[in-house]
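What's in my_file-v1.pdb: PDB, C-alpha atoms and all ligand atoms
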ATOM      1  CA  MET L 141     106.750  92.514  93.289
ATOM      2  CA  ARG L 142     104.367  95.194  94.501
ATOM      3  CA  LEU L 143     104.331  94.461  98.244
ATOM      4  CA  THR L 144     107.919  93.640  99.109
ATOM      5  CA  ASN L 145     108.600  94.098 102.863
ATOM      6  CA  LYS L 146     104.932  94.839 103.603
ATOM      7  CA  LYS L 147     103.233  93.145 106.541
ATOM      8  CA  ALA L 148      99.573  92.237 106.111
ATOM      9  CA  ILE L 149      96.682  90.964 108.225
ATOM     10  CA  VAL L 150      93.812  89.175 106.456
ATOM     11  CA  THR L 151      90.699  88.326 108.495
ATOM     12  CA  GLY L 152      88.503  85.490 107.338
ATOM     13  CA  GLY L 153      91.749  84.436 105.685
ATOM     14  CA  ALA L 154      90.755  80.767 105.602
ATOM     15  CA  GLY L 155      87.601  81.364 103.512
ATOM     16  CA  GLY L 156      87.146  81.821  99.775
ATOM     17  CA  ILE L 157      88.014  85.495  99.241
ATOM     18  CA  GLY L 158      90.321  85.630 102.280
ATOM     19  CA  ARG L 159      92.388  82.642 101.176
ATOM     20  CA  ALA L 160      92.740  83.910  97.597
ATOM     21  CA  SER L 161      93.721  87.359  98.897
ATOM     22  CA  SER L 162      96.231  85.948 101.389
ATOM     23  CA  LEU L 163      97.892  83.980  98.582
ATOM     24  CA  ALA L 164      97.842  86.981  96.210
ATOM     25  CA  LEU L 165      99.281  89.409  98.793
ATOM     26  CA  ALA L 166     102.025  86.902  99.641
ATOM     27  CA  ALA L 167     102.787  86.352  95.949
ATOM     28  CA  GLU L 168     103.491  90.101  95.719
ATOM     29  CA  GLY L 169     105.999  89.846  98.587
ATOM     30  CA  ALA L 170     103.907  90.636 101.682
ATOM     31  CA  SER L 171     104.233  88.675 104.916
ATOM     32  CA  VAL L 172     100.677  87.597 105.704
ATOM     33  CA  ALA L 173      98.914  86.857 109.001
ATOM     34  CA  VAL L 174      95.966  84.615 108.148
ATOM     35  CA  VAL L 175      93.340  85.260 110.834
ATOM     36  CA  ASP L 176      90.244  83.083 111.162
ATOM     37  CA  LEU L 177      87.911  81.344 113.603
ATOM     38  CA  ASN L 178      88.810  78.147 111.759
ATOM     39  CA  ILE L 179      92.459  77.768 112.784
ATOM     40  CA  GLU L 180      93.000  74.462 110.967
ATOM     41  CA  ALA L 181      91.981  76.011 107.663
ATOM     42  CA  ALA L 182      94.027  79.150 108.436
ATOM     43  CA  GLU L 183      97.074  76.939 109.124
ATOM     44  CA  GLY L 184      96.453  75.312 105.745
ATOM     45  CA  VAL L 185      96.504  78.669 103.943
ATOM     46  CA  ALA L 186      99.662  79.727 105.808
ATOM     47  CA  ALA L 187     101.285  76.420 104.791
ATOM     48  CA  GLU L 188     100.317  77.028 101.126
ATOM     49  CA  ILE L 189     102.014  80.437 101.285
ATOM     50  CA  ARG L 190     105.174  78.992 102.835
ATOM     51  CA  GLU L 191     105.282  76.170 100.271
ATOM     52  CA  ALA L 192     105.226  78.850  97.562
ATOM     53  CA  GLY L 193     108.240  80.535  99.226
ATOM     54  CA  GLY L 194     106.337  83.234 101.120
ATOM     55  CA  VAL L 195     106.128  84.269 104.759
ATOM     56  CA  ALA L 196     102.915  83.529 106.693
ATOM     57  CA  LEU L 197     101.485  82.993 110.098
ATOM     58  CA  ALA L 198      98.059  81.672 111.164
ATOM     59  CA  VAL L 199      96.217  83.245 114.107
ATOM     60  CA  ALA L 200      92.956  81.968 115.624
ATOM     61  CA  ALA L 201      90.532  84.757 116.482
ATOM     62  CA  ASP L 202      86.903  85.745 116.664
ATOM     63  CA  VAL L 203      87.104  89.162 115.022
ATOM     64  CA  SER L 204      84.071  90.432 116.955
ATOM     65  CA  ASP L 205      86.002  90.081 120.231
ATOM     66  CA  GLU L 206      88.244  92.952 121.325
ATOM     67  CA  GLN L 207      90.658  90.769 123.298
ATOM     68  CA  ASP L 208      91.128  88.551 120.254
ATOM     69  CA  ILE L 209      91.824  91.578 118.045
ATOM     70  CA  GLU L 210      94.351  92.948 120.549
ATOM     71  CA  ARG L 211      96.064  89.547 120.584
ATOM     72  CA  VAL L 212      96.134  89.405 116.769
ATOM     73  CA  VAL L 213      97.782  92.830 116.520
ATOM     74  CA  ALA L 214     100.280  92.017 119.317
ATOM     75  CA  THR L 215     101.165  88.680 117.692
ATOM     76  CA  VAL L 216     101.710  90.256 114.275
ATOM     77  CA  LEU L 217     103.863  93.017 115.764
ATOM     78  CA  ALA L 218     105.943  90.429 117.633
ATOM     79  CA  GLU L 219     106.333  88.146 114.595
ATOM     80  CA  PHE L 220     106.519  90.625 111.683
ATOM     81  CA  GLY L 221     107.536  93.876 113.418
ATOM     82  CA  GLY L 222     104.768  96.047 111.912
ATOM     83  CA  VAL L 223     101.448  96.211 110.073
ATOM     84  CA  ASP L 224     101.196  97.961 106.685
ATOM     85  CA  VAL L 225      98.065  96.361 105.242
ATOM     86  CA  VAL L 226      94.852  95.108 106.843
ATOM     87  CA  PHE L 227      92.151  93.329 104.873
ATOM     88  CA  ASN L 228      89.058  93.271 107.121
ATOM     89  CA  ASN L 229      87.246  90.518 105.265
ATOM     90  CA  ALA L 230      85.650  88.093 107.750
ATOM     91  CA  GLY L 231      81.899  88.097 107.326
ATOM     92  CA  ILE L 232      78.721  86.097 107.798
ATOM     93  CA  ILE L 233      75.258  86.248 106.254
ATOM     94  CA  ARG L 234      71.805  85.391 107.571
ATOM     95  CA  ARG L 235      69.154  85.093 104.848
ATOM     96  CA  THR L 236      66.201  86.390 106.855
ATOM     97  CA  THR L 237      63.715  89.273 106.741
ATOM     98  CA  ALA L 238      63.107  91.637 109.672
ATOM     99  CA  VAL L 239      60.271  89.400 110.864
ATOM    100  CA  GLU L 240      62.428  86.260 110.751
ATOM    101  CA  THR L 241      65.595  87.729 112.309
ATOM    102  CA  THR L 242      66.244  87.286 116.029
ATOM    103  CA  VAL L 243      67.960  90.015 118.041
ATOM    104  CA  GLU L 244      70.828  87.583 118.721
ATOM    105  CA  GLU L 245      71.325  86.950 114.974
ATOM    106  CA  TRP L 246      71.200  90.692 114.242
ATOM    107  CA  ASP L 247      73.863  91.351 116.897
ATOM    108  CA  ARG L 248      76.054  88.493 115.686
ATOM    109  CA  VAL L 249      75.995  89.727 112.066
ATOM    110  CA  PHE L 250      76.886  93.240 113.205
ATOM    111  CA  GLY L 251      79.549  91.881 115.571
ATOM    112  CA  VAL L 252      81.342  89.916 112.857
ATOM    113  CA  ASN L 253      80.758  92.258 109.893
ATOM    114  CA  VAL L 254      80.947  95.724 111.505
ATOM    115  CA  ARG L 255      82.264  95.785 115.102
ATOM    116  CA  SER L 256      85.257  93.737 113.889
ATOM    117  CA  ILE L 257      86.335  96.575 111.583
ATOM    118  CA  PHE L 258      85.929  99.194 114.321
ATOM    119  CA  LEU L 259      87.985  97.025 116.710
ATOM    120  CA  MET L 260      90.724  96.285 114.198
ATOM    121  CA  CYS L 261      91.031  99.968 113.297
ATOM    122  CA  LYS L 262      91.030 100.973 116.977
ATOM    123  CA  HIS L 263      94.092  98.811 117.567
ATOM    124  CA  VAL L 264      95.910  98.971 114.252
ATOM    125  CA  VAL L 265      95.586 102.661 113.326
ATOM    126  CA  PRO L 266      98.021 103.780 116.079
ATOM    127  CA  VAL L 267     100.555 101.252 114.738
ATOM    128  CA  MET L 268     100.151 102.560 111.181
ATOM    129  CA  GLU L 269     100.260 106.185 112.363
ATOM    130  CA  SER L 270     103.595 105.665 114.049
ATOM    131  CA  ALA L 271     104.939 103.974 110.899
ATOM    132  CA  GLY L 272     103.787 106.872 108.679
ATOM    133  CA  GLY L 273     100.806 105.215 106.994
ATOM    134  CA  GLY L 274      99.175 102.074 105.718
ATOM    135  CA  SER L 275      96.301 100.651 103.691
ATOM    136  CA  ILE L 276      93.095  99.244 105.168
ATOM    137  CA  ILE L 277      90.658  97.399 102.918
ATOM    138  CA  ASN L 278      87.205  96.394 104.135
ATOM    139  CA  THR L 279      84.948  93.860 102.455
ATOM    140  CA  GLY L 280      81.562  95.370 101.773
ATOM    141  CA  SER L 281      79.158  93.859  99.260
ATOM    142  CA  GLY L 282      77.016  94.820  96.314
ATOM    143  CA  TRP L 283      74.166  94.433  98.777
ATOM    144  CA  GLY L 284      75.753  97.108 100.969
ATOM    145  CA  LEU L 285      75.351  99.520  98.052
ATOM    146  CA  LYS L 286      71.977  98.579  96.612
ATOM    147  CA  GLY L 287      70.270  96.228  99.097
ATOM    148  CA  GLY L 288      69.049  92.702  98.455
ATOM    149  CA  GLY L 289      66.226  90.351  99.347
ATOM    150  CA  ARG L 290      65.790  88.408 102.581
ATOM    151  CA  ALA L 291      69.106  89.434 104.146
ATOM    152  CA  LEU L 292      68.199  92.478 106.228
ATOM    153  CA  SER L 293      70.947  92.314 108.859
ATOM    154  CA  TYR L 294      73.567  91.558 106.195
ATOM    155  CA  CYS L 295      72.503  94.439 103.917
ATOM    156  CA  ALA L 296      72.452  96.825 106.881
ATOM    157  CA  SER L 297      75.860  95.641 108.071
ATOM    158  CA  LYS L 298      77.476  95.961 104.638
ATOM    159  CA  GLY L 299      75.980  99.431 104.159
ATOM    160  CA  ALA L 300      77.670 100.284 107.450
ATOM    161  CA  VAL L 301      80.969  98.884 106.155
ATOM    162  CA  VAL L 302      80.835 101.092 103.058
ATOM    163  CA  ASN L 303      80.130 104.262 105.018
ATOM    164  CA  MET L 304      82.464 103.547 107.948
ATOM    165  CA  THR L 305      85.163 103.089 105.322
ATOM    166  CA  ARG L 306      84.547 106.674 104.140
ATOM    167  CA  ALA L 307      84.536 107.979 107.739
ATOM    168  CA  LEU L 308      87.786 106.149 108.535
ATOM    169  CA  ALA L 309      89.365 107.553 105.368
ATOM    170  CA  ILE L 310      88.457 111.096 106.463
ATOM    171  CA  ASP L 311      89.767 110.599 110.016
ATOM    172  CA  HIS L 312      93.054 108.901 109.177
ATOM    173  CA  GLY L 313      93.979 110.227 105.724
ATOM    174  CA  PRO L 314      96.124 112.995 107.245
ATOM    175  CA  ALA L 315      98.245 110.269 108.882
ATOM    176  CA  GLY L 316      98.836 108.627 105.498
ATOM    177  CA  ILE L 317      96.386 105.788 106.105
ATOM    178  CA  ARG L 318      94.173 104.928 103.119
ATOM    179  CA  VAL L 319      90.890 103.099 103.745
ATOM    180  CA  ASN L 320      88.821 101.582 100.942
ATOM    181  CA  SER L 321      86.089  98.998 100.572
ATOM    182  CA  VAL L 322      85.971  96.243  97.999
ATOM    183  CA  ASN L 323      82.411  95.264  97.115
ATOM    184  CA  PRO L 324      81.997  91.885  95.462
ATOM    185  CA  GLY L 325      78.946  90.613  93.658
ATOM    186  CA  ASP L 326      78.301  86.860  93.808
ATOM    187  CA  VAL L 327      81.635  85.109  94.223
ATOM    188  CA  ASN L 328      82.169  81.357  94.059
ATOM    189  CA  THR L 329      82.847  80.615  97.758
ATOM    190  CA  GLY L 330      81.369  78.633 100.634
ATOM    191  CA  MET L 331      79.193  81.611 101.550
ATOM    192  CA  LEU L 332      77.022  81.190  98.436
ATOM    193  CA  ARG L 333      76.485  77.502  99.208
ATOM    194  CA  ASP L 334      75.645  78.434 102.801
ATOM    195  CA  GLU L 335      73.027  80.868 101.448
ATOM    196  CA  ALA L 336      71.463  78.152  99.283
ATOM    197  CA  ARG L 337      71.251  75.957 102.411
ATOM    198  CA  GLN L 338      69.734  78.760 104.499
ATOM    199  CA  LEU L 339      67.093  79.395 101.819
ATOM    200  CA  ALA L 340      66.529  75.629 101.373
ATOM    201  CA  GLN L 341      67.195  76.163  97.660
ATOM    202  CA  ASP L 342      68.833  73.764  95.250
ATOM    203  CA  THR L 343      72.543  74.743  95.109
ATOM    204  CA  SER L 344      72.967  74.501  91.335
ATOM    205  CA  SER L 345      69.902  76.653  90.567
ATOM    206  CA  PHE L 346      71.018  79.160  93.230
ATOM    207  CA  LEU L 347      74.480  79.352  91.625
ATOM    208  CA  ALA L 348      72.923  79.690  88.154
ATOM    209  CA  GLU L 349      70.896  82.699  89.378
ATOM    210  CA  ALA L 350      74.107  84.181  90.809
ATOM    211  CA  ALA L 351      75.605  84.068  87.306
ATOM    212  CA  ASP L 352      72.785  86.161  85.800
ATOM    213  CA  ARG L 353      74.687  89.406  85.194
ATOM    214  CA  PRO L 354      76.322  91.131  82.217
ATOM    215  CA  LEU L 355      79.467  88.970  82.297
ATOM    216  CA  ARG L 356      77.214  85.864  82.569
ATOM    217  CA  ARG L 357      79.109  84.159  85.377
ATOM    218  CA  MET L 358      79.887  84.369  89.083
ATOM    219  CA  GLY L 359      83.142  85.931  90.179
ATOM    220  CA  GLU L 360      86.088  83.860  91.341
ATOM    221  CA  PRO L 361      87.798  84.712  94.651
ATOM    222  CA  GLU L 362      91.065  85.362  92.799
ATOM    223  CA  GLU L 363      89.380  88.207  90.879
ATOM    224  CA  VAL L 364      88.464  89.975  94.123
ATOM    225  CA  ALA L 365      91.987  89.295  95.411
ATOM    226  CA  GLN L 366      93.497  91.282  92.530
ATOM    227  CA  ALA L 367      91.482  94.347  93.559
ATOM    228  CA  VAL L 368      92.691  93.849  97.143
ATOM    229  CA  VAL L 369      96.322  93.664  96.008
ATOM    230  CA  TRP L 370      95.920  96.882  94.027
ATOM    231  CA  LEU L 371      94.312  98.714  96.964
ATOM    232  CA  ALA L 372      97.060  97.409  99.264
ATOM    233  CA  SER L 373      99.841  98.551  96.943
ATOM    234  CA  ASP L 374     101.276 101.981  96.204
ATOM    235  CA  GLU L 375      99.670 101.757  92.748
ATOM    236  CA  SER L 376      96.484 103.050  94.450
ATOM    237  CA  SER L 377      98.356 105.792  96.358
ATOM    238  CA  TYR L 378      95.711 108.519  95.685
ATOM    239  CA  VAL L 379      92.693 106.275  96.320
ATOM    240  CA  THR L 380      90.953 106.470  99.682
ATOM    241  CA  GLY L 381      87.362 106.322 100.912
ATOM    242  CA  SER L 382      86.348 104.574  97.709
ATOM    243  CA  ALA L 383      83.871 101.728  97.259
ATOM    244  CA  MET L 384      85.389  99.545  94.562
ATOM    245  CA  VAL L 385      82.863  97.232  92.907
ATOM    246  CA  VAL L 386      83.955  93.804  91.614
ATOM    247  CA  ASP L 387      80.735  92.203  90.430
ATOM    248  CA  GLY L 388      80.640  91.308  86.764
ATOM    249  CA  GLY L 389      78.366  94.272  86.155
ATOM    250  CA  GLY L 390      75.584  93.277  88.507
ATOM    251  CA  ILE L 391      75.160  96.530  90.369
ATOM    252  CA  ALA L 392      74.823  99.119  87.618
TER     253      ALA L 392
HETATM  254  N1  LIG G   1      80.901  85.187  98.303
HETATM  255  C1  LIG G   1      80.175  86.222  97.905
HETATM  256  O1  LIG G   1      79.382  86.127  96.948
HETATM  257  C2  LIG G   1      80.321  87.552  98.584
HETATM  258  C3  LIG G   1      79.688  88.665  98.019
HETATM  259  C4  LIG G   1      79.818  89.907  98.624
HETATM  260  C5  LIG G   1      80.552  90.023  99.786
HETATM  261  N2  LIG G   1      81.144  88.920 100.327
HETATM  262  C6  LIG G   1      81.916  89.103 101.555
HETATM  263  O2  LIG G   1      83.214  88.601 101.388
HETATM  264  C7  LIG G   1      83.773  88.252 102.660
HETATM  265  C8  LIG G   1      84.386  86.878 102.574
HETATM  266  O3  LIG G   1      83.368  85.956 102.300
HETATM  267  P1  LIG G   1      83.578  84.599 101.477
HETATM  268  O4  LIG G   1      82.631  84.632 100.363
HETATM  269  O5  LIG G   1      85.020  84.373 101.214
HETATM  270  O6  LIG G   1      82.968  83.577 102.539
HETATM  271  P2  LIG G   1      83.595  82.329 103.297
HETATM  272  O7  LIG G   1      82.483  81.826 104.129
HETATM  273  O8  LIG G   1      84.272  81.434 102.320
HETATM  274  O9  LIG G   1      84.727  82.964 104.218
HETATM  275  C9  LIG G   1      84.466  83.681 105.387
HETATM  276  C10 LIG G   1      85.564  83.373 106.397
HETATM  277  O10 LIG G   1      85.353  84.183 107.553
HETATM  278  C11 LIG G   1      85.582  83.371 108.689
HETATM  279  N3  LIG G   1      84.858  83.924 109.835
HETATM  280  C12 LIG G   1      83.520  83.946 110.015
HETATM  281  N4  LIG G   1      83.233  84.509 111.208
HETATM  282  C13 LIG G   1      84.417  84.855 111.771
HETATM  283  C14 LIG G   1      84.779  85.460 112.997
HETATM  284  N5  LIG G   1      83.851  85.817 113.896
HETATM  285  N6  LIG G   1      86.091  85.668 113.265
HETATM  286  C15 LIG G   1      87.033  85.270 112.366
HETATM  287  N7  LIG G   1      86.755  84.688 111.188
HETATM  288  C16 LIG G   1      85.456  84.475 110.905
HETATM  289  C17 LIG G   1      85.077  81.992 108.298
HETATM  290  O11 LIG G   1      85.627  80.971 109.125
HETATM  291  C18 LIG G   1      85.542  81.913 106.850
HETATM  292  O12 LIG G   1      86.840  81.344 106.760
HETATM  293  C19 LIG G   1      82.613  88.387 103.660
HETATM  294  O13 LIG G   1      82.724  89.619 104.339
HETATM  295  C20 LIG G   1      81.396  88.385 102.767
HETATM  296  O14 LIG G   1      80.306  89.024 103.359
HETATM  297  C21 LIG G   1      81.050  87.697  99.751
END
Show the structure stored in the file as structure tokens.
Amino acid sequence: MRLTNKKAIVTGGAGGIGRASSLALAAEGASVAVVDLNIEAAEGVAAEIREAGGVALAVAADVSDEQDIERVVATVLAEFGGVDVVFNNAGIIRRTTAVETTVEEWDRVFGVNVRSIFLMCKHVVPVMESAGGGSIINTGSGWGLKGGGRALSYCASKGAVVNMTRALAIDHGPAGIRVNSVNPGDVNTGMLRDEARQLAQDTSSFLAEAADRPLRRMGEPEEVAQAVVWLASDESSYVTGSAMVVDGGGIA
């Protein structure tokens, strides 16, 4: 197993990519704190991990809130005794143009997608520094690299995730902390169905459009999870500041 004795935090751990990644990290031996606004679903993921023989804990938190982040880190330290891996994955999307977006929606998207990563790093980097290192993985998006239609706040926030990942890698590399982003294309999760609803589009035609890429299908959450496991593990020991793309070829 590639993550024996590692302690991991996964935000948005109850959702599609977060759940698959929590299960995959645990299957490689990591103890996993499943963090989500939706505590019932997070408890469900933690129970799945335990049923498979792993170690897990569910923590309710709004990742945009500093007190919640401080409580998450304190809880994980108390329960697991350290933090080696953080997957900053919680995210939301609003399918609106500049004209359609309210200031409140803009701030909420940035709070959940960007401020959350700043806050988690603010409180977890000192823990990793004192332990001699760690691996932080942030979920960007293909749309953070190339842009996309009618999702201005989301594209801006994911562009910020990609570049803050590079800045974090520069700042904390000397302490042995690696920071990378994983950038999915369209992945078969609740978020895609939420987008179809927001755009008032038929779900099956929306999903069919999402599959229009060289590999001729959407991604599955488990395929993103394998990239997360690799970035979390020592197999990626010389990789930091990178923007890994997992998109079926959609971005090229
Ligand atoms: N699904 C895709 O096609 C796709 C593509 C590119 C990037 N992404 C990114 O992947 C990440 C995971 O998305 P997903 O597709 O699994 O979506 P999802 O909606 O299935 O999961 C998102 C999870 O985040 C949680 N969450 C939302 N706001 C939160 C908050 N304030 N605090 C704590 N938890 C919160 C939700 O409860 C949910 O469990 C997101 O950052 C998303 O932007 C997804």
Env of region 154-171 of chain L: 8 Å cut, atoms = only C-alpha atoms, seq-sep filter 5 positions within chain, self excluded. Answer as a ChimeraX atom specification. /L:141-148,176,178-179,181-182,184-185,188-189,194-196,220,229-230,328-330,361-362,364-366,368-369
Have a look at L:Leu332, L:Ile257, L:Ala367, L:Ala307 and name the one nearest to ligand LIG 1 (chain G); count only C-alpha atoms and all ligand atoms.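 Of the candidates, the smallest distance to ligand LIG 1 (chain G) is held by L:Leu332.
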Which one is closest to ligand LIG 1 (chain G): L:Arg235, L:Arg211, L:Arg190, L:Lys298? Count all atoms listed in the file.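 Ranked by minimum distance to ligand LIG 1 (chain G), first place goes to L:Lys298.
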Compare L:Val267, L:Val225, L:Leu177, L:Ile276 by their minimum atom-to-atom distance to ligand LIG 1 (chain G), counting only C-alpha atoms and all ligand atoms, and give me the closest one. L:Leu177
Which residue out of L:His263, L:Arg234, L:Arg306, L:Arg356 has the minimum interatomic distance to ligand LIG 1 (chain G) when only C-alpha atoms and all ligand atoms are used?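 Checking each candidate against ligand LIG 1 (chain G), we get L:Arg234 as the closest.
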Considering only C-alpha atoms, return as a PyMOL selection string whatever protein or nucleic-acid residues lie within 6 Å of Gly282 (chain L), sequence-local ones (same chain, fewer than 6 positions apart) excluded. chain L and resi 323-325
Rounded to one decimal place, report the atom C1 of ligand LIG 1 (chain G)-CA of Met268 (chain L) distance in Å. 29.0 Å
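In this structure, CA of Val174 (chain L) sits 29.8 Å away from CA of Gly389 (chain L).
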Nearest to ligand LIG 1 (chain G), restricted to only C-alpha atoms and all ligand atoms and choosing among L:Asn303, L:Ser345, L:Ser204, L:Ser275, comes out as L:Ser204
When you draw a straight line from CA of Ile149 (chain L) to CA of Asp247 (chain L), how long is it in Å?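 Rounded to one decimal, the two atoms are 24.4 Å apart.
Across the chains present, the PyMOL selection byres (((chain L and resi 313) around 12) and not hetatm) applied to this file returns Val265, Met268, Glu269, Gly272, Gly273, Gly274, Ser275, Ile276, Thr305, Arg306, Ala307, Leu308, Ala309, Ile310, Asp311, His312, Pro314, Ala315, Gly316, Ile317, Arg318, Val319, Asn320, Ser377, Tyr378, Val379, Thr380 and Gly381 of chain L.
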Just want the 8 Å neighbourhood of region 250-256 of chain L, counted on all atoms listed in the file, with same-chain residues fewer than 2 positions away dropped. Output as number ranges by chain. L: 202-205, 228, 230-232, 246-248, 258-260, 293-294, 297-298, 300-301
Counting only C-alpha atoms, the option among L:Val150, L:Val216, L:Val239, L:Ala200 closest to Ala291 (chain L):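 Answer, going by the shortest atom-to-atom distance: L:Val239.
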Where is the centre and how long are the edges: axis-aligned box on ligand LIG 1 (chain G), 6 Å on each side, Å to one decimal, as lines of an AutoDock Vina configuration file:
center_x = 83.2
center_y = 85.5
center_z = 105.4
size_x = 19.7
size_y = 21.1
size_z = 28.9
Using N, CA and C atoms, give me region 196-213 of chain L from the structure I just pasted, as a PDB file, in the first residue's frame.
ATOM      1  N   ALA L 196     -11.422   6.062   9.307  1.00  0.00           N
ATOM      2  CA  ALA L 196     -12.023   7.300   8.790  1.00  0.00           C
ATOM      3  C   ALA L 196     -12.804   8.014   9.869  1.00  0.00           C
ATOM      4  N   LEU L 197     -12.973   9.299   9.593  1.00  0.00           N
ATOM      5  CA  LEU L 197     -13.677  10.172  10.507  1.00  0.00           C
ATOM      6  C   LEU L 197     -14.429  11.173   9.632  1.00  0.00           C
ATOM      7  N   ALA L 198     -15.649  11.548  10.028  1.00  0.00           N
ATOM      8  CA  ALA L 198     -16.398  12.558   9.275  1.00  0.00           C
ATOM      9  C   ALA L 198     -16.431  13.844  10.087  1.00  0.00           C
ATOM     10  N   VAL L 199     -16.198  14.978   9.417  1.00  0.00           N
ATOM     11  CA  VAL L 199     -16.226  16.274  10.109  1.00  0.00           C
ATOM     12  C   VAL L 199     -17.099  17.234   9.305  1.00  0.00           C
ATOM     13  N   ALA L 200     -18.075  17.853   9.973  1.00  0.00           N
ATOM     14  CA  ALA L 200     -18.923  18.855   9.317  1.00  0.00           C
ATOM     15  C   ALA L 200     -18.182  20.178   9.291  1.00  0.00           C
ATOM     16  N   ALA L 201     -18.146  20.821   8.130  1.00  0.00           N
ATOM     17  CA  ALA L 201     -17.503  22.136   8.048  1.00  0.00           C
ATOM     18  C   ALA L 201     -17.932  22.853   6.787  1.00  0.00           C
ATOM     19  N   ASP L 202     -17.989  24.184   6.901  1.00  0.00           N
ATOM     20  CA  ASP L 202     -18.059  25.045   5.723  1.00  0.00           C
ATOM     21  C   ASP L 202     -16.623  25.500   5.484  1.00  0.00           C
ATOM     22  N   VAL L 203     -16.031  25.046   4.393  1.00  0.00           N
ATOM     23  CA  VAL L 203     -14.599  25.278   4.178  1.00  0.00           C
ATOM     24  C   VAL L 203     -14.252  26.747   3.929  1.00  0.00           C
ATOM     25  N   SER L 204     -15.260  27.583   3.722  1.00  0.00           N
ATOM     26  CA  SER L 204     -14.982  29.016   3.522  1.00  0.00           C
ATOM     27  C   SER L 204     -14.850  29.759   4.851  1.00  0.00           C
ATOM     28  N   ASP L 205     -15.087  29.054   5.955  1.00  0.00           N
ATOM     29  CA  ASP L 205     -15.136  29.668   7.281  1.00  0.00           C
ATOM     30  C   ASP L 205     -13.873  29.323   8.076  1.00  0.00           C
ATOM     31  N   GLU L 206     -13.148  30.329   8.523  1.00  0.00           N
ATOM     32  CA  GLU L 206     -11.866  30.059   9.184  1.00  0.00           C
ATOM     33  C   GLU L 206     -12.032  29.264  10.482  1.00  0.00           C
ATOM     34  N   GLN L 207     -13.067  29.573  11.259  1.00  0.00           N
ATOM     35  CA  GLN L 207     -13.252  28.820  12.505  1.00  0.00           C
ATOM     36  C   GLN L 207     -13.500  27.347  12.216  1.00  0.00           C
ATOM     37  N   ASP L 208     -14.262  27.078  11.155  1.00  0.00           N
ATOM     38  CA  ASP L 208     -14.524  25.679  10.794  1.00  0.00           C
ATOM     39  C   ASP L 208     -13.222  24.982  10.393  1.00  0.00           C
ATOM     40  N   ILE L 209     -12.390  25.675   9.615  1.00  0.00           N
ATOM     41  CA  ILE L 209     -11.121  25.068   9.189  1.00  0.00           C
ATOM     42  C   ILE L 209     -10.228  24.796  10.401  1.00  0.00           C
ATOM     43  N   GLU L 210     -10.169  25.753  11.319  1.00  0.00           N
ATOM     44  CA  GLU L 210      -9.350  25.547  12.531  1.00  0.00           C
ATOM     45  C   GLU L 210      -9.854  24.331  13.314  1.00  0.00           C
ATOM     46  N   ARG L 211     -11.180  24.182  13.366  1.00  0.00           N
ATOM     47  CA  ARG L 211     -11.759  23.047  14.093  1.00  0.00           C
ATOM     48  C   ARG L 211     -11.454  21.733  13.371  1.00  0.00           C
ATOM     49  N   VAL L 212     -11.501  21.748  12.048  1.00  0.00           N
ATOM     50  CA  VAL L 212     -11.174  20.534  11.278  1.00  0.00           C
ATOM     51  C   VAL L 212      -9.739  20.101  11.587  1.00  0.00           C
ATOM     52  N   VAL L 213      -8.806  21.049  11.503  1.00  0.00           N
ATOM     53  CA  VAL L 213      -7.393  20.696  11.715  1.00  0.00           C
ATOM     54  C   VAL L 213      -7.190  20.207  13.161  1.00  0.00           C
TER      55      VAL L 213
END
